[in-house]
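One structure is given below, encoded as structure tokens.
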Amino acid sequence: MHRTHAPSQSGPAGSRLVALLTQLDRKAARASHGDFAERLGRLFDLSDAIALDGANQYRPKGPFEATPDAAERLQADLLKSRDALLAHLSRSFAGEKAASVIPLPPLKDDAQADKRPTFGAYERFYQAHQRQMIAGLSNLRQRARRILSGHSQAMARLAELDAVFEQSLSGYVRHCFGALPGFLEKRYRTLWDTRDPFHTVEDWLAPQGWLSQFRRELQLLLLAELDARQEPILGLLDALVADATGNQSTHNEVSKTV
């Protein structure tokens with residue numbers, strides 16, 4: 001399979017988001033996460049557990065067609081979707097003005113050096129990019145499941161399980177990612193409170209200005225969220241590669257392609 005080159009990571013792609021949040025807020029580093037299996041179990045109610053058991057007992061009958069290029073097609077689809085989302089982000093932060101671009105909130109002409117600009121425009125900006133990610137990656141995840149469903153019985157069962165997990169955890173996922181704009185607002189206020197008091201409005205967007213730093217952190221957080229949101233699809237791709245090759249340890253290599 002053709003692979004593109006990317007810096008290797010020391011852990012799962014989603015860990016980039018955790019690391020960034022911890023770096024920006026040391027309180028997160030001291031939080032106890034407890035036992036993973038126990039915490040996961042708390043997210044499933046009775047109906048979810050029944051659906052999960054049904055998916056686990058699912059025995060698809062096919063027909064199946066294990067096409068040799070299935071993993072390559074899914075990988076190419078993932079790369080295309082990711083590149084499109086990255087392009088949207090890049091154009092926003094580059095200040096490009098177009099109907100398809102979510103504009104980065106401008107610094108208003110009447111801004112005053114002793115008055116903090118409101119955060120609302122940045123919250124809407126972040127949420128708009130989140131909606132783009134949801135739309136692009138949700139459709140891709142469904143396409144990935146369709147590919148797996150026609151590949152083999154084992155992959156069809158995994159696709160069924162993934163559908164149940166996506167549905168059962170949807171509320172929790174919305175809650176977690178929905179909290180990120182609030183986290184950003186705290187950072188926004190912190191950077192304002194610790195800014196250089198002698199800086200003028202013009203200094204805010206200089207390389208060392210507080211607003212310039214905030215915008216860098218905003219972009220980093222969106223990139224980290226994109227990595228975290230694509231992780232389930234990477235898992236499906238990893239499983240498809242393993243099923244096709246008999247290799248059970250392909251995740252890290254496959255992750256490097258995106």
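Every chain in the structure tokens has a letter given in the order shown (A, B, ...), and although residue numbers restart at 1 in each chain, ligands are simply numbered from 1 in the order shown.
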>> Env of Ser149 in chain A: 9 Å cut, atoms = only C-alpha atoms, seq-sep filter 2 positions within chain, self excluded. Answer as an NGL selection string.
In response: :A and (60 or 62 or 64 or 144-147 or 151-160)
> Pick from A:Phe93, A:Asp110, A:Arg124, A:Asp238: nearest to Ser212 in chain A, with only C-alpha atoms counted?
Replying inline: A:Phe93
> Using only C-alpha atoms, which residues sit within 9 Å of range 176-190 of chain A once same-chain residues fewer than 4 positions away are excluded, as a PyMOL selection string?
Replying inline: chain A and resi 21+24-25+116+119-120+122-124+126-127+130+171-172+194-195+210-211+214+217-218+221+225
Let's have the selection written as a PDB file, in the first residue's frame, with N, CA and C atoms.
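Contents of selection-v3.pdb, as written:
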```
ATOM      1  N   LEU A  21      -4.308  19.846  25.648  1.00  0.00           N
ATOM      2  CA  LEU A  21      -5.144  20.354  26.733  1.00  0.00           C
ATOM      3  C   LEU A  21      -4.371  20.380  28.044  1.00  0.00           C
ATOM      4  N   LEU A  24      -1.900  23.292  28.057  1.00  0.00           N
ATOM      5  CA  LEU A  24      -2.526  24.600  28.221  1.00  0.00           C
ATOM      6  C   LEU A  24      -3.190  24.779  29.580  1.00  0.00           C
ATOM      7  N   ASP A  25      -3.496  23.655  30.233  1.00  0.00           N
ATOM      8  CA  ASP A  25      -4.142  23.732  31.552  1.00  0.00           C
ATOM      9  C   ASP A  25      -3.585  22.622  32.418  1.00  0.00           C
ATOM     10  N   ARG A 116     -11.082  44.164  26.887  1.00  0.00           N
ATOM     11  CA  ARG A 116     -10.960  42.854  26.248  1.00  0.00           C
ATOM     12  C   ARG A 116     -12.080  42.659  25.222  1.00  0.00           C
ATOM     13  N   PHE A 119     -15.511  37.227  23.348  1.00  0.00           N
ATOM     14  CA  PHE A 119     -15.063  35.932  22.839  1.00  0.00           C
ATOM     15  C   PHE A 119     -16.061  35.312  21.869  1.00  0.00           C
ATOM     16  N   GLY A 120     -17.292  35.789  21.844  1.00  0.00           N
ATOM     17  CA  GLY A 120     -18.365  35.146  21.099  1.00  0.00           C
ATOM     18  C   GLY A 120     -18.049  34.808  19.654  1.00  0.00           C
ATOM     19  N   TYR A 122     -15.193  34.079  18.331  1.00  0.00           N
ATOM     20  CA  TYR A 122     -14.278  32.939  18.263  1.00  0.00           C
ATOM     21  C   TYR A 122     -14.999  31.634  18.600  1.00  0.00           C
ATOM     22  N   GLU A 123     -15.956  31.707  19.510  1.00  0.00           N
ATOM     23  CA  GLU A 123     -16.747  30.520  19.819  1.00  0.00           C
ATOM     24  C   GLU A 123     -17.519  30.058  18.587  1.00  0.00           C
ATOM     25  N   ARG A 124     -18.148  30.982  17.876  1.00  0.00           N
ATOM     26  CA  ARG A 124     -18.894  30.624  16.666  1.00  0.00           C
ATOM     27  C   ARG A 124     -17.962  30.104  15.574  1.00  0.00           C
ATOM     28  N   TYR A 126     -15.097  28.491  16.046  1.00  0.00           N
ATOM     29  CA  TYR A 126     -14.671  27.141  16.412  1.00  0.00           C
ATOM     30  C   TYR A 126     -15.789  26.138  16.145  1.00  0.00           C
ATOM     31  N   GLN A 127     -16.997  26.488  16.548  1.00  0.00           N
ATOM     32  CA  GLN A 127     -18.132  25.582  16.363  1.00  0.00           C
ATOM     33  C   GLN A 127     -18.431  25.345  14.887  1.00  0.00           C
ATOM     34  N   GLN A 130     -16.076  22.766  13.804  1.00  0.00           N
ATOM     35  CA  GLN A 130     -16.492  21.482  14.361  1.00  0.00           C
ATOM     36  C   GLN A 130     -17.594  20.864  13.505  1.00  0.00           C
ATOM     37  N   GLY A 171     -23.863  10.959  22.410  1.00  0.00           N
ATOM     38  CA  GLY A 171     -24.114  12.017  23.389  1.00  0.00           C
ATOM     39  C   GLY A 171     -22.860  12.387  24.159  1.00  0.00           C
ATOM     40  N   TYR A 172     -22.100  11.376  24.551  1.00  0.00           N
ATOM     41  CA  TYR A 172     -20.858  11.616  25.294  1.00  0.00           C
ATOM     42  C   TYR A 172     -19.846  12.356  24.418  1.00  0.00           C
ATOM     43  N   THR A 194      -2.899  38.157  31.430  1.00  0.00           N
ATOM     44  CA  THR A 194      -1.440  38.093  31.592  1.00  0.00           C
ATOM     45  C   THR A 194      -0.691  38.790  30.449  1.00  0.00           C
ATOM     46  N   ARG A 195      -1.395  39.568  29.667  1.00  0.00           N
ATOM     47  CA  ARG A 195      -0.766  40.260  28.539  1.00  0.00           C
ATOM     48  C   ARG A 195       0.174  41.352  29.035  1.00  0.00           C
ATOM     49  N   TRP A 210      -0.732  38.822  22.731  1.00  0.00           N
ATOM     50  CA  TRP A 210      -1.597  37.839  23.378  1.00  0.00           C
ATOM     51  C   TRP A 210      -2.638  37.269  22.404  1.00  0.00           C
ATOM     52  N   LEU A 211      -3.172  38.096  21.519  1.00  0.00           N
ATOM     53  CA  LEU A 211      -4.191  37.625  20.586  1.00  0.00           C
ATOM     54  C   LEU A 211      -3.578  36.738  19.507  1.00  0.00           C
ATOM     55  N   PHE A 214      -3.173  33.433  21.131  1.00  0.00           N
ATOM     56  CA  PHE A 214      -4.461  32.756  21.238  1.00  0.00           C
ATOM     57  C   PHE A 214      -4.865  32.128  19.904  1.00  0.00           C
ATOM     58  N   GLU A 217      -3.026  28.936  19.368  1.00  0.00           N
ATOM     59  CA  GLU A 217      -3.567  27.864  20.194  1.00  0.00           C
ATOM     60  C   GLU A 217      -4.914  27.384  19.655  1.00  0.00           C
ATOM     61  N   LEU A 218      -5.708  28.306  19.168  1.00  0.00           N
ATOM     62  CA  LEU A 218      -6.991  27.969  18.564  1.00  0.00           C
ATOM     63  C   LEU A 218      -6.795  27.023  17.384  1.00  0.00           C
ATOM     64  N   LEU A 221      -5.630  23.554  18.550  1.00  0.00           N
ATOM     65  CA  LEU A 221      -6.697  22.771  19.154  1.00  0.00           C
ATOM     66  C   LEU A 221      -7.621  22.179  18.090  1.00  0.00           C
ATOM     67  N   GLU A 225      -8.214  18.259  17.523  1.00  0.00           N
ATOM     68  CA  GLU A 225      -9.557  17.695  17.526  1.00  0.00           C
ATOM     69  C   GLU A 225      -9.801  16.882  16.252  1.00  0.00           C
TER      70      GLU A 225
END
```
> Taking the backbone alone, and naming residues the way the document does, which bits of range 109-183 of chain A are helix (DSSP H, G or I) by DSSP, as a PyMOL selection string?
Replying inline: chain A and resi 120-149+153-168+170-178+180-183
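Distances to Glu65 in chain A were evaluated for A:Ala242, A:Leu148, A:Leu234, A:Leu226 using only C-alpha atoms, and the minimum falls at A:Leu148.
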> Restricting the calculation to only C-alpha atoms, which member of A:His88, A:Pro105, A:Gln75, A:Leu223 is positioned closest to Gly235 in chain A?
Replying inline: A:Gln75
> Within 12 Å of Leu85 in chain A, counting only C-alpha atoms, which residues qualify if same-chain residues fewer than 6 places away don't, as JSON, numbers by chain?
Replying inline: {"A": [78, 79, 91, 92, 100, 101, 102, 128, 129, 130, 131, 132, 133, 134, 135, 136, 137, 222, 223, 225, 226, 227, 229, 230]}
Go ahead and write the selection's residues with C-alpha atoms as a PDB file, in the first residue's frame.
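Output contents, as saved in selection21.pdb:
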```
ATOM      1  CA  LEU A  78      -9.589   9.230   4.466  1.00  0.00           C
ATOM      2  CA  LEU A  79      -6.666  11.238   3.122  1.00  0.00           C
ATOM      3  CA  ARG A  91      -7.805  29.132   4.328  1.00  0.00           C
ATOM      4  CA  SER A  92      -9.600  30.413   7.435  1.00  0.00           C
ATOM      5  CA  SER A 100     -16.807  28.665   1.245  1.00  0.00           C
ATOM      6  CA  VAL A 101     -14.371  29.930   3.901  1.00  0.00           C
ATOM      7  CA  ILE A 102     -15.228  30.317   7.578  1.00  0.00           C
ATOM      8  CA  ALA A 128     -18.445  26.172  12.615  1.00  0.00           C
ATOM      9  CA  HIS A 129     -15.249  24.202  12.021  1.00  0.00           C
ATOM     10  CA  GLN A 130     -16.492  21.482  14.361  1.00  0.00           C
ATOM     11  CA  ARG A 131     -19.624  21.149  12.226  1.00  0.00           C
ATOM     12  CA  GLN A 132     -17.453  20.774   9.121  1.00  0.00           C
ATOM     13  CA  MET A 133     -15.489  17.995  10.796  1.00  0.00           C
ATOM     14  CA  ILE A 134     -18.643  16.197  11.904  1.00  0.00           C
ATOM     15  CA  ALA A 135     -20.151  16.330   8.425  1.00  0.00           C
ATOM     16  CA  GLY A 136     -17.018  15.176   6.624  1.00  0.00           C
ATOM     17  CA  LEU A 137     -15.921  12.442   9.010  1.00  0.00           C
ATOM     18  CA  LEU A 222      -8.723  22.408  15.959  1.00  0.00           C
ATOM     19  CA  LEU A 223      -5.955  20.300  14.409  1.00  0.00           C
ATOM     20  CA  GLU A 225      -9.557  17.695  17.526  1.00  0.00           C
ATOM     21  CA  LEU A 226      -9.448  16.609  13.889  1.00  0.00           C
ATOM     22  CA  ASP A 227      -6.893  13.940  14.808  1.00  0.00           C
ATOM     23  CA  ARG A 229     -12.242  12.607  15.535  1.00  0.00           C
ATOM     24  CA  GLN A 230     -10.600  10.544  12.804  1.00  0.00           C
TER      25      GLN A 230
END
```
